[in-house]
file coords_19.cif (mmCIF, C-alpha atoms)
data_protein
#
loop_
_atom_site.label_atom_id
_atom_site.label_comp_id
_atom_site.auth_asym_id
_atom_site.auth_seq_id
_atom_site.Cartn_x
_atom_site.Cartn_y
_atom_site.Cartn_z
CA MET A 6 -86.70 151.74 -70.02
CA ARG A 7 -83.52 153.36 -71.25
CA ARG A 8 -82.92 156.92 -72.36
CA PHE A 9 -81.98 157.59 -75.97
CA TYR A 10 -80.92 160.86 -77.59
CA PHE A 11 -81.90 161.74 -81.13
CA GLU A 12 -79.60 164.14 -82.95
CA ILE A 13 -81.20 165.50 -86.11
CA ALA A 14 -79.52 167.42 -88.93
CA LEU A 15 -81.07 169.20 -91.91
CA ASN A 16 -78.12 169.73 -94.25
CA ASP A 17 -75.54 171.37 -91.98
CA ASP A 18 -78.00 172.50 -89.34
CA ILE A 19 -77.53 170.01 -86.49
CA LYS A 20 -79.94 169.98 -83.54
CA GLU A 21 -78.74 168.10 -80.50
CA ASP A 22 -81.19 166.43 -78.15
CA ALA A 23 -80.67 167.48 -74.55
CA ASP A 24 -83.76 165.79 -73.05
CA GLY A 25 -83.88 162.40 -74.73
CA VAL A 26 -86.75 159.94 -74.83
CA ASP A 27 -87.27 156.83 -72.67
CA LEU A 28 -87.75 153.68 -74.72
CA PRO A 29 -87.66 149.96 -73.90
CA ASP A 30 -84.68 148.90 -76.06
CA ASP A 31 -82.43 149.52 -79.08
CA GLY A 32 -85.10 148.18 -81.44
CA ALA A 33 -87.66 150.71 -80.19
CA ALA A 34 -85.09 153.51 -80.53
CA ARG A 35 -84.36 152.45 -84.08
CA ARG A 36 -88.07 152.41 -84.91
CA GLU A 37 -88.56 155.83 -83.30
CA ALA A 38 -85.69 157.18 -85.44
CA VAL A 39 -87.10 155.74 -88.67
CA MET A 40 -90.59 157.11 -87.96
CA THR A 41 -89.14 160.51 -87.08
CA ILE A 42 -86.95 160.83 -90.17
CA ALA A 43 -89.89 159.73 -92.34
CA SER A 44 -92.13 162.42 -90.78
CA ILE A 45 -89.50 165.11 -91.20
CA ALA A 46 -89.03 164.06 -94.82
CA ALA A 47 -92.78 164.12 -95.42
CA GLU A 48 -93.06 167.64 -94.00
CA ALA A 49 -89.87 169.13 -95.41
CA ILE A 50 -90.14 170.81 -98.77
CA PRO A 51 -86.71 171.28 -100.32
CA GLN A 52 -86.41 174.99 -101.10
CA ASP A 53 -83.06 175.69 -102.70
CA GLY A 54 -81.33 172.59 -103.89
CA PRO A 55 -80.96 169.15 -102.35
CA LEU A 56 -81.91 168.48 -98.75
CA ASP A 57 -80.20 165.91 -96.60
CA ILE A 58 -81.93 164.81 -93.41
CA ALA A 59 -79.81 162.81 -90.99
CA ILE A 60 -80.64 161.23 -87.66
CA ARG A 61 -78.27 159.78 -85.11
CA VAL A 62 -79.39 157.87 -82.03
CA LEU A 63 -77.14 157.83 -78.99
CA ASP A 64 -77.66 155.88 -75.80
CA ASP A 65 -77.01 157.20 -72.29
CA ARG A 66 -73.29 156.36 -72.59
CA GLU A 67 -73.16 158.43 -75.79
CA CYS A 68 -72.63 155.32 -77.91
CA GLN A 69 -74.19 155.44 -81.34
CA VAL A 70 -77.10 152.99 -81.59
CA PHE A 71 -78.29 153.82 -85.08
CA ARG A 72 -77.85 156.34 -87.81
CA ALA A 73 -79.76 157.02 -91.03
CA HIS A 74 -80.19 159.70 -93.61
CA VAL A 75 -82.63 160.59 -96.35
CA THR A 76 -81.72 162.81 -99.26
CA PHE A 77 -84.02 164.81 -101.49
CA ASP A 78 -82.07 165.08 -104.70
CA PHE A 79 -84.33 166.60 -107.27
CA ASP A 80 -83.47 167.66 -110.76
CA ASP A 81 -85.67 169.81 -113.01
CA THR A 82 -82.97 170.82 -115.49
CA GLU A 83 -84.07 168.39 -118.24
CA ARG A 84 -87.51 169.97 -118.61
CA GLU A 85 -86.02 173.46 -118.51
CA GLN A 86 -83.60 172.54 -121.29
CA LYS A 87 -86.48 171.17 -123.39
CA LEU A 88 -88.49 174.34 -122.83
CA ARG A 89 -85.51 176.44 -123.78
CA GLY A 90 -84.98 174.27 -126.89
CA SER A 91 -88.59 174.67 -128.06
CA SER A 92 -88.56 178.43 -127.65
CA GLN A 93 -85.51 178.80 -129.87
CA MET B 16 -123.06 172.48 -55.21
CA ASP B 17 -120.71 169.55 -55.50
CA LYS B 18 -117.57 170.51 -57.45
CA ALA B 19 -117.95 167.69 -59.98
CA ILE B 20 -121.58 168.59 -60.69
CA GLU B 21 -120.63 172.27 -60.88
CA PHE B 22 -118.17 171.52 -63.69
CA MET B 23 -120.82 169.50 -65.54
CA VAL B 24 -123.29 172.39 -65.17
CA ARG B 25 -120.68 174.81 -66.55
CA ARG B 26 -119.94 172.52 -69.49
CA LEU B 27 -123.61 171.93 -70.38
CA SER B 28 -124.53 175.61 -69.93
CA GLY B 29 -121.67 176.45 -72.27
CA VAL B 30 -122.93 174.25 -75.08
CA GLY B 31 -126.70 174.63 -74.74
CA GLN B 32 -129.67 175.81 -72.72
CA LEU B 33 -129.85 174.37 -69.23
CA SER B 34 -133.09 175.23 -67.40
CA SER B 35 -133.05 175.68 -63.62
CA GLU B 36 -135.23 172.56 -63.22
CA ASP B 37 -132.74 170.49 -65.22
CA ARG B 38 -129.90 172.03 -63.26
CA ASP B 39 -131.59 170.85 -60.04
CA ARG B 40 -131.96 167.38 -61.55
CA LEU B 41 -128.19 167.27 -62.21
CA VAL B 42 -127.47 168.49 -58.68
CA SER B 43 -129.64 165.66 -57.29
CA LEU B 44 -127.54 162.97 -59.02
CA PRO B 45 -125.87 160.60 -56.55
CA ILE B 46 -122.12 160.36 -57.23
CA ARG B 47 -119.24 158.25 -56.04
CA ARG B 48 -115.81 159.88 -56.27
CA LYS B 49 -112.86 157.85 -57.43
CA ARG B 50 -109.21 158.76 -57.82
CA PHE B 51 -106.93 157.36 -60.53
CA ALA B 52 -103.16 157.41 -60.90
CA LYS B 53 -101.55 158.61 -64.13
CA GLY B 54 -101.80 155.88 -66.74
CA GLU B 55 -104.38 153.88 -64.80
CA GLU B 56 -107.30 152.40 -66.75
CA ILE B 57 -110.66 153.83 -65.67
CA VAL B 58 -112.76 151.60 -67.93
CA ALA B 59 -111.03 148.93 -70.01
CA GLU B 60 -111.90 148.06 -73.60
CA GLY B 61 -114.18 145.02 -73.75
CA THR B 62 -115.59 145.48 -70.26
CA SER B 63 -119.16 146.51 -69.54
CA SER B 64 -119.93 149.42 -67.30
CA SER B 65 -123.04 150.34 -65.37
CA SER B 66 -122.03 153.93 -64.67
CA CYS B 67 -120.65 157.00 -66.43
CA CYS B 68 -117.53 158.92 -65.41
CA LEU B 69 -117.79 162.67 -64.91
CA VAL B 70 -114.25 164.08 -64.84
CA PHE B 71 -113.66 166.80 -62.25
CA LYS B 72 -109.90 166.83 -61.80
CA GLY B 73 -107.01 166.15 -64.16
CA TYR B 74 -107.22 164.69 -67.64
CA VAL B 75 -108.47 161.40 -69.04
CA HIS B 76 -108.35 160.10 -72.59
CA ARG B 77 -110.03 157.58 -74.85
CA SER B 78 -107.67 155.33 -76.75
CA LYS B 79 -107.12 152.03 -78.51
CA THR B 80 -103.89 150.10 -78.92
CA LEU B 81 -102.93 147.91 -81.86
CA ILE B 82 -101.52 144.43 -81.30
CA THR B 83 -98.11 145.96 -82.18
CA GLY B 84 -98.37 148.13 -79.06
CA ASP B 85 -98.95 151.35 -81.02
CA ARG B 86 -101.60 153.49 -79.41
CA GLN B 87 -103.87 156.19 -80.77
CA ILE B 88 -105.44 158.65 -78.36
CA PHE B 89 -108.77 159.78 -79.83
CA SER B 90 -109.76 162.49 -77.41
CA LEU B 91 -108.63 164.25 -74.25
CA HIS B 92 -111.10 165.11 -71.51
CA MET B 93 -111.10 167.61 -68.69
CA ALA B 94 -113.32 168.67 -65.79
CA GLY B 95 -116.99 168.78 -66.78
CA ASP B 96 -116.70 166.14 -69.51
CA ILE B 97 -118.42 162.72 -69.39
CA PRO B 98 -116.20 160.86 -71.86
CA ASP B 99 -118.07 157.55 -71.56
CA LEU B 100 -121.59 158.95 -71.76
CA GLN B 101 -122.13 156.60 -74.70
CA SER B 102 -121.85 153.63 -72.30
CA LEU B 103 -125.41 154.51 -71.28
CA TYR B 104 -126.57 152.91 -74.54
CA LEU B 105 -123.40 151.03 -75.55
CA PRO B 106 -122.38 149.50 -72.21
CA ARG B 107 -119.66 147.27 -73.65
CA MET B 108 -116.63 149.53 -74.15
CA ASP B 109 -115.16 149.50 -77.67
CA HIS B 110 -112.14 151.53 -76.47
CA SER B 111 -110.41 152.29 -73.17
CA LEU B 112 -110.83 155.23 -70.86
CA VAL B 113 -107.51 156.01 -69.16
CA ALA B 114 -106.20 158.65 -66.73
CA THR B 115 -103.72 160.80 -68.69
CA SER B 116 -102.67 162.63 -65.52
CA PRO B 117 -103.62 161.92 -61.91
CA ALA B 118 -107.38 162.28 -62.21
CA GLU B 119 -110.56 162.27 -60.18
CA VAL B 120 -113.91 161.25 -61.56
CA ALA B 121 -117.43 161.13 -60.19
CA LEU B 122 -119.16 157.87 -61.05
CA ILE B 123 -122.84 158.31 -61.84
CA SER B 124 -124.89 155.16 -62.31
CA HIS B 125 -126.62 154.60 -65.66
CA PHE B 126 -129.80 154.12 -63.67
CA SER B 127 -129.72 157.60 -62.11
CA ILE B 128 -128.83 159.27 -65.43
CA GLN B 129 -131.64 157.40 -67.17
CA THR B 130 -134.05 158.44 -64.42
CA ILE B 131 -133.44 162.20 -64.85
CA LEU B 132 -133.43 161.87 -68.65
CA ASP B 133 -136.84 160.16 -68.46
CA GLN B 134 -138.08 163.17 -66.49
CA SER B 135 -136.90 165.79 -68.97
CA SER B 136 -136.85 165.66 -72.75
CA ARG B 137 -134.92 168.96 -72.82
CA LEU B 138 -132.17 167.46 -70.72
CA THR B 139 -132.13 164.41 -73.00
CA ALA B 140 -131.74 166.78 -75.97
CA LEU B 141 -128.88 168.59 -74.22
CA PHE B 142 -127.02 165.33 -73.48
CA TRP B 143 -127.59 164.31 -77.08
CA ARG B 144 -126.23 167.66 -78.26
CA ASP B 145 -123.13 167.20 -76.09
CA THR B 146 -122.58 163.73 -77.60
CA LEU B 147 -122.92 165.18 -81.12
CA ILE B 148 -120.35 167.85 -80.26
CA ASP B 149 -118.07 165.03 -79.12
CA ALA B 150 -118.50 163.45 -82.56
CA ALA B 151 -117.78 166.83 -84.22
CA ALA B 152 -114.49 166.97 -82.30
CA PHE B 153 -113.64 163.47 -83.60
CA ARG B 154 -114.17 164.69 -87.18
CA SER B 155 -111.94 167.63 -86.49
CA TRP B 156 -109.18 165.39 -85.08
CA MET B 157 -109.58 163.02 -88.03
CA LEU B 158 -109.03 165.86 -90.47
CA MET B 159 -105.90 166.87 -88.59
CA LEU B 160 -104.58 163.29 -88.35
CA GLY B 161 -105.21 162.55 -91.99
CA GLN B 162 -104.29 165.79 -93.69
CA ALA B 163 -102.30 168.20 -91.54
CA GLU B 164 -98.61 168.34 -90.73
CA ALA B 165 -97.40 167.99 -87.16
CA PRO B 166 -97.05 171.74 -86.34
CA VAL B 167 -100.62 172.35 -87.55
CA ARG B 168 -101.95 169.41 -85.52
CA MET B 169 -100.14 170.55 -82.39
CA ALA B 170 -101.28 174.17 -82.71
CA HIS B 171 -104.83 172.94 -83.30
CA LEU B 172 -104.72 170.73 -80.21
CA PHE B 173 -103.51 173.56 -77.94
CA CYS B 174 -106.18 175.90 -79.36
CA GLU B 175 -108.94 173.36 -78.77
CA LEU B 176 -107.84 172.64 -75.21
CA TYR B 177 -107.60 176.36 -74.49
CA VAL B 178 -111.15 177.04 -75.66
CA ARG B 179 -112.58 174.02 -73.84
CA SER B 180 -110.84 174.79 -70.55
CA GLN B 181 -111.92 178.42 -70.85
CA LEU B 182 -115.51 177.20 -71.12
CA VAL B 183 -115.41 175.44 -67.74
CA GLY B 184 -113.25 178.08 -66.05
CA LEU B 185 -109.98 176.17 -65.86
CA ASN B 186 -107.80 178.82 -67.52
CA LYS B 187 -105.66 181.25 -65.57
CA GLY B 188 -105.20 184.15 -67.94
CA ASN B 189 -103.45 182.77 -70.99
CA THR B 190 -102.32 179.54 -69.31
CA PHE B 191 -103.86 176.22 -68.32
CA ALA B 192 -102.56 173.12 -66.58
CA LEU B 193 -101.74 170.17 -68.84
CA PRO B 194 -99.81 167.70 -66.68
CA ILE B 195 -99.44 165.07 -69.39
CA SER B 196 -96.35 163.54 -70.98
CA GLN B 197 -94.94 164.22 -74.42
CA VAL B 198 -95.53 160.54 -75.23
CA ASP B 199 -99.27 161.22 -74.72
CA ILE B 200 -99.09 164.32 -76.91
CA ALA B 201 -97.33 162.27 -79.61
CA ASP B 202 -100.01 159.56 -79.42
CA MET B 203 -102.69 162.21 -79.85
CA LEU B 204 -100.94 163.77 -82.82
CA GLY B 205 -100.06 160.42 -84.39
CA THR B 206 -96.34 161.24 -84.55
CA SER B 207 -93.23 159.79 -82.98
CA THR B 208 -92.31 161.27 -79.59
CA VAL B 209 -89.11 162.72 -81.05
CA HIS B 210 -91.06 164.43 -83.82
CA ALA B 211 -93.60 165.79 -81.30
CA ASN B 212 -90.74 167.20 -79.17
CA ARG B 213 -89.16 168.73 -82.23
CA THR B 214 -92.48 170.25 -83.31
CA LEU B 215 -93.03 171.72 -79.84
CA GLN B 216 -89.55 173.29 -79.91
CA ASP B 217 -90.46 174.75 -83.27
CA LEU B 218 -93.70 176.35 -81.97
CA ARG B 219 -91.81 177.57 -78.92
CA SER B 220 -89.04 179.15 -80.97
CA GLN B 221 -91.68 180.91 -83.08
CA GLY B 222 -92.97 182.40 -79.82
CA LEU B 223 -96.50 181.02 -80.26
CA VAL B 224 -96.93 178.71 -77.29
CA ASP B 225 -94.99 177.22 -74.43
CA PHE B 226 -95.54 173.85 -72.80
CA ALA B 227 -93.33 173.27 -69.79
CA ARG B 228 -93.69 171.79 -66.29
CA GLY B 229 -97.24 170.66 -67.03
CA ARG B 230 -98.56 174.06 -68.11
CA VAL B 231 -99.46 175.43 -71.50
CA THR B 232 -99.02 179.15 -72.08
CA ILE B 233 -100.59 180.69 -75.15
CA LEU B 234 -98.16 183.42 -76.20
CA HIS B 235 -99.79 184.59 -79.43
CA TRP B 236 -103.35 183.37 -79.84
CA ARG B 237 -104.06 184.72 -83.30
CA GLU B 238 -100.87 183.36 -84.85
CA LEU B 239 -101.29 179.99 -83.10
CA ALA B 240 -104.91 179.69 -84.31
CA GLU B 241 -103.83 180.67 -87.80
CA LEU B 242 -101.08 178.05 -87.89
CA GLY B 243 -103.47 175.41 -86.48
CA MET B 244 -106.16 176.38 -89.05
CA PHE B 245 -108.33 176.51 -85.96
CA ASP B 246 -112.00 177.41 -86.37
CA GLU B 247 -113.75 176.79 -83.07
CA SER B 248 -117.23 176.47 -84.59
CA TYR B 249 -116.99 172.65 -84.35
CA LEU B 250 -117.02 172.99 -80.55
CA HIS B 251 -120.54 174.50 -80.81
CA THR B 252 -120.34 176.65 -77.69
CA VAL B 253 -123.23 179.03 -77.08
CA VAL B 254 -121.18 181.69 -75.30
CA GLY B 255 -119.69 183.24 -78.44
CA PRO B 256 -116.19 182.84 -79.81
CA ALA B 257 -113.54 182.37 -77.13
CA THR B 258 -111.59 185.27 -78.60
CA ASP B 259 -114.36 187.63 -77.40
CA TRP B 260 -114.39 186.33 -73.86
CA PRO B 261 -113.39 188.96 -71.32
CA THR B 262 -110.70 186.94 -69.54
CA ARG B 263 -108.75 186.26 -72.70
CA GLU B 264 -105.18 187.48 -72.40
CA GLY B 265 -102.04 187.12 -74.41
CA THR B 266 -103.67 187.82 -77.74
#
call {"tool": "encode", "arguments": {"input": "coords_19.cif", "output": "structure tokens"}}
result
Amino acid sequence: MRRFYFEIALNDDIKEDADGVDLPDDGAARREAVMTIASIAAEAIPQDGPLDIAIRVLDDRECQVFRAHVTFDFDDTEREQKLRGSSQ
Amino acid sequence: MDKAIEFMVRRLSGVGQLSSEDRDRLVSLPIRRKRFAKGEEIVAEGTSSSSCCLVFKGYVHRSKTLITGDRQIFSLHMAGDIPDLQSLYLPRMDHSLVATSPAEVALISHFSIQTILDQSSRLTALFWRDTLIDAAAFRSWMLMLGQAEAPVRMAHLFCELYVRSQLVGLNKGNTFALPISQVDIADMLGTSTVHANRTLQDLRSQGLVDFARGRVTILHWRELAELGMFDESYLHTVVGPATDWPTREGT
């Protein structure tokens, strides 16, 4: 088992991981990161504008093992423009 | 009264009517105590057992693991519970029973349980009721696993454990011992360990609950129950809602 640290950022709000998680190898750490970012994405509802979720996995020597990010980039301007057009 | 039997009496009296004759029948049960290390298998999937395990110290869980190594914990059991009561009629285990923390169980042979059940139809009904409550808890966990987000699931889990440990007298004020790892919590909630840790930090920062050094402290019961969408009726206790119990603190 090796200890890995998972640093997670929602837009500019970065949360460092002081405790870490023990996992067998890099592959398991990568999988843990992917599952985590997917869960955060599933539970996060973008409130005001786009949301970027980033995860960075560091090993016990602070070397980066893996990094990924997911962006919610939604756009509802087209429908609004149509609605505005029809009301004119 | 033996400590293990005492916990079982508390549990059964908390979920139904236990007559003094039936209580004496439980007290007469021969038991064999066995200690298990954290993570040790008590009864393995696929094996057949000829006795049931009455937990009286620590925690044990029921789980199954996929060929990929991913594990789901279905239920967590504490003192007073007989998590493999079903082995009485389904002796071949379709899941594993594992010690989640260092645990002690009292082994009671199927034969002796069957003997006292044959003597009392009311006791049979009470054991049946307890098994049905176990199934109700499974439905509740299924709803959480399938439909709720991680903070809701976690809040719900802490609320359930609080009410159940209150029932058998394991709570100290607004805290109870839960010497299990965050990996176990994650496998109960069906999340990654990192996401479970993150969710716990979230509940902690909201001031609802704390889970540190193997103890859970309920800081704000009402808010925690609200977040967890927790309605304890599925636990079918006969002592009234836990929120009315006199020893409740930290509400």
call {"tool": "interface_residues", "arguments": {"input": "coords_19.cif", "of": "chain B", "to": "chain A", "cutoff": "8 Å", "atoms": "only C-alpha atoms", "output": "PyMOL selection string"}}
result
chain B and resi 164+206-210
call {"tool": "write_last_selection", "arguments": {"input": "coords_19.cif", "atoms": "C-alpha atoms", "output": "short mmCIF file (atom, residue, chain, number, x, y, z; two decimals), in the coordinates of the input"}}
result
data_model
loop_
_atom_site.label_atom_id
_atom_site.label_comp_id
_atom_site.auth_asym_id
_atom_site.auth_seq_id
_atom_site.Cartn_x
_atom_site.Cartn_y
_atom_site.Cartn_z
CA GLU B 164 -98.61 168.34 -90.73
CA THR B 206 -96.34 161.24 -84.55
CA SER B 207 -93.23 159.79 -82.98
CA THR B 208 -92.31 161.27 -79.59
CA VAL B 209 -89.11 162.72 -81.05
CA HIS B 210 -91.06 164.43 -83.82
#
call {"tool": "residues_around", "arguments": {"input": "coords_19.cif", "residues": "Leu141 in chain B", "least_positions_apart": "6", "cutoff": "9 Å", "atoms": "only C-alpha atoms", "output": "list in words"}}
result
Leu27, Val30, Gly31, Gln32 and Leu33 of chain B
call {"tool": "residues_around", "arguments": {"input": "coords_19.cif", "residues": "range 80-92 of chain B", "least_positions_apart": "6", "cutoff": "12 Å", "atoms": "only C-alpha atoms", "output": "PyMOL selection string"}}
result
(chain A and resi 33+36-37) or (chain B and resi 26+59-60+68-74+98-99+109-116+118-120+149-157+159-160+172-173+175-176+179-180+183+193+195+198-207)
call {"tool": "atom_distance", "arguments": {"input": "coords_19.cif", "atom1": "CA of Lys49 in chain B", "atom2": "CA of Phe142 in chain B"}}
result
22.7 Å
call {"tool": "closest_residue", "arguments": {"input": "coords_19.cif", "among": "A:Glu67, A:Leu88, A:Arg7, A:Ile60", "to": "Gly32 in chain A", "atoms": "all atoms listed in the file"}}
result
A:Arg7
call {"tool": "resolve_selection", "arguments": {"input": "coords_19.cif", "expression": "the PyMOL selection byres ((chain B and resi 64) around 9)", "output": "PyMOL selection string"}}
result
chain B and resi 58+62-63+65-67+102-103+106-108+125
call {"tool": "atom_distance", "arguments": {"input": "coords_19.cif", "atom1": "CA of Leu242 in chain B", "atom2": "CA of Arg230 in chain B"}}
result
20.3 Å
call {"tool": "residues_around", "arguments": {"input": "coords_19.cif", "residues": "Ser127 in chain B", "least_positions_apart": "5", "cutoff": "10 Å", "atoms": "all atoms listed in the file", "output": "list of chain:residue names"}}
result
B:Leu41, B:Ser43, B:Leu44, B:Pro45, B:Ile46, B:Ser66, B:Leu132, B:Asp133
call {"tool": "closest_residue", "arguments": {"input": "coords_19.cif", "among": "B:Ser248, B:Ser34, B:Gln101, B:Ser124", "to": "Arg48 in chain B", "atoms": "only C-alpha atoms"}}
result
B:Ser124
call {"tool": "atom_distance", "arguments": {"input": "coords_19.cif", "atom1": "CA of Ile58 in chain A", "atom2": "CA of Arg72 in chain A"}}
result
10.9 Å
call {"tool": "closest_residue", "arguments": {"input": "coords_19.cif", "among": "A:Ile50, A:Phe9, A:Glu85, A:Ala14", "to": "Phe71 in chain A", "atoms": "all atoms listed in the file"}}
result
A:Phe9
call {"tool": "residues_around", "arguments": {"input": "coords_19.cif", "residues": "Val224 in chain B", "least_positions_apart": "6", "cutoff": "9 Å", "atoms": "all atoms listed in the file", "output": "list in words"}}
result
Ala170, Phe173, Leu215, Leu218, Val231, Thr232, Ile233, Leu234, His235, Trp236 and Leu239 of chain B
call {"tool": "closest_residue", "arguments": {"input": "coords_19.cif", "among": "B:Ala192, B:Val24, B:Met93, B:Ala165", "to": "Arg40 in chain B", "atoms": "all atoms listed in the file"}}
result
B:Val24
call {"tool": "residues_around", "arguments": {"input": "coords_19.cif", "residues": "Phe79 in chain A", "least_positions_apart": "3", "cutoff": "10 Å", "atoms": "all atoms listed in the file", "output": "list in words"}}
result
Pro51, Gly54, Pro55, Leu56, Thr76 and Thr82 of chain A
call {"tool": "decode", "arguments": {"input": "coords_19.cif", "residues": "range 94-102 of chain B", "atoms": "all heavy atoms", "output": "compact mmCIF listing (two decimals), in the first residue's frame"}}
result
# COMPACT_ATOMS: atom_id res chain seq x y z
N ALA B 94 -23.77 -4.63 18.85
CA ALA B 94 -24.17 -5.52 19.95
C ALA B 94 -25.68 -5.72 19.98
O ALA B 94 -26.44 -4.77 19.84
CB ALA B 94 -23.69 -4.94 21.28
N GLY B 95 -26.09 -6.97 20.13
CA GLY B 95 -27.52 -7.30 20.19
C GLY B 95 -28.05 -7.83 18.88
O GLY B 95 -29.11 -8.45 18.84
N ASP B 96 -27.33 -7.57 17.78
CA ASP B 96 -27.79 -8.03 16.46
C ASP B 96 -27.33 -9.48 16.20
O ASP B 96 -26.25 -9.89 16.64
CB ASP B 96 -27.19 -7.17 15.33
CG ASP B 96 -27.79 -5.78 15.28
OD1 ASP B 96 -28.81 -5.55 15.94
OD2 ASP B 96 -27.21 -4.91 14.58
N ILE B 97 -28.15 -10.22 15.44
CA ILE B 97 -27.75 -11.54 14.94
C ILE B 97 -27.77 -11.45 13.42
O ILE B 97 -28.79 -11.77 12.79
CB ILE B 97 -28.71 -12.67 15.42
CG1 ILE B 97 -28.92 -12.57 16.94
CG2 ILE B 97 -28.16 -14.05 15.06
CD1 ILE B 97 -29.93 -13.57 17.49
N PRO B 98 -26.67 -10.95 12.83
CA PRO B 98 -26.71 -10.65 11.39
C PRO B 98 -26.88 -11.86 10.48
O PRO B 98 -27.30 -11.71 9.34
CB PRO B 98 -25.37 -9.95 11.13
CG PRO B 98 -24.53 -10.26 12.30
CD PRO B 98 -25.43 -10.52 13.46
N ASP B 99 -26.56 -13.06 10.97
CA ASP B 99 -26.73 -14.24 10.12
C ASP B 99 -27.85 -15.15 10.64
O ASP B 99 -27.78 -16.37 10.50
CB ASP B 99 -25.41 -15.02 9.98
CG ASP B 99 -24.91 -15.54 11.32
OD1 ASP B 99 -25.40 -15.06 12.37
OD2 ASP B 99 -24.03 -16.41 11.31
N LEU B 100 -28.88 -14.52 11.20
CA LEU B 100 -30.03 -15.30 11.68
C LEU B 100 -30.64 -16.12 10.54
O LEU B 100 -31.15 -17.21 10.73
CB LEU B 100 -31.07 -14.36 12.29
CG LEU B 100 -32.27 -15.02 12.97
CD1 LEU B 100 -31.84 -15.90 14.13
CD2 LEU B 100 -33.26 -13.97 13.48
N GLN B 101 -30.56 -15.55 9.32
CA GLN B 101 -31.14 -16.25 8.17
C GLN B 101 -30.47 -17.59 7.89
O GLN B 101 -31.06 -18.45 7.25
CB GLN B 101 -31.07 -15.36 6.92
CG GLN B 101 -29.65 -15.06 6.45
CD GLN B 101 -29.63 -14.61 5.00
OE1 GLN B 101 -30.46 -13.85 4.57
NE2 GLN B 101 -28.67 -15.10 4.23
N SER B 102 -29.25 -17.79 8.41
CA SER B 102 -28.54 -19.05 8.17
C SER B 102 -29.28 -20.24 8.82
O SER B 102 -29.03 -21.40 8.49
CB SER B 102 -27.10 -19.00 8.65
OG SER B 102 -27.03 -19.00 10.06
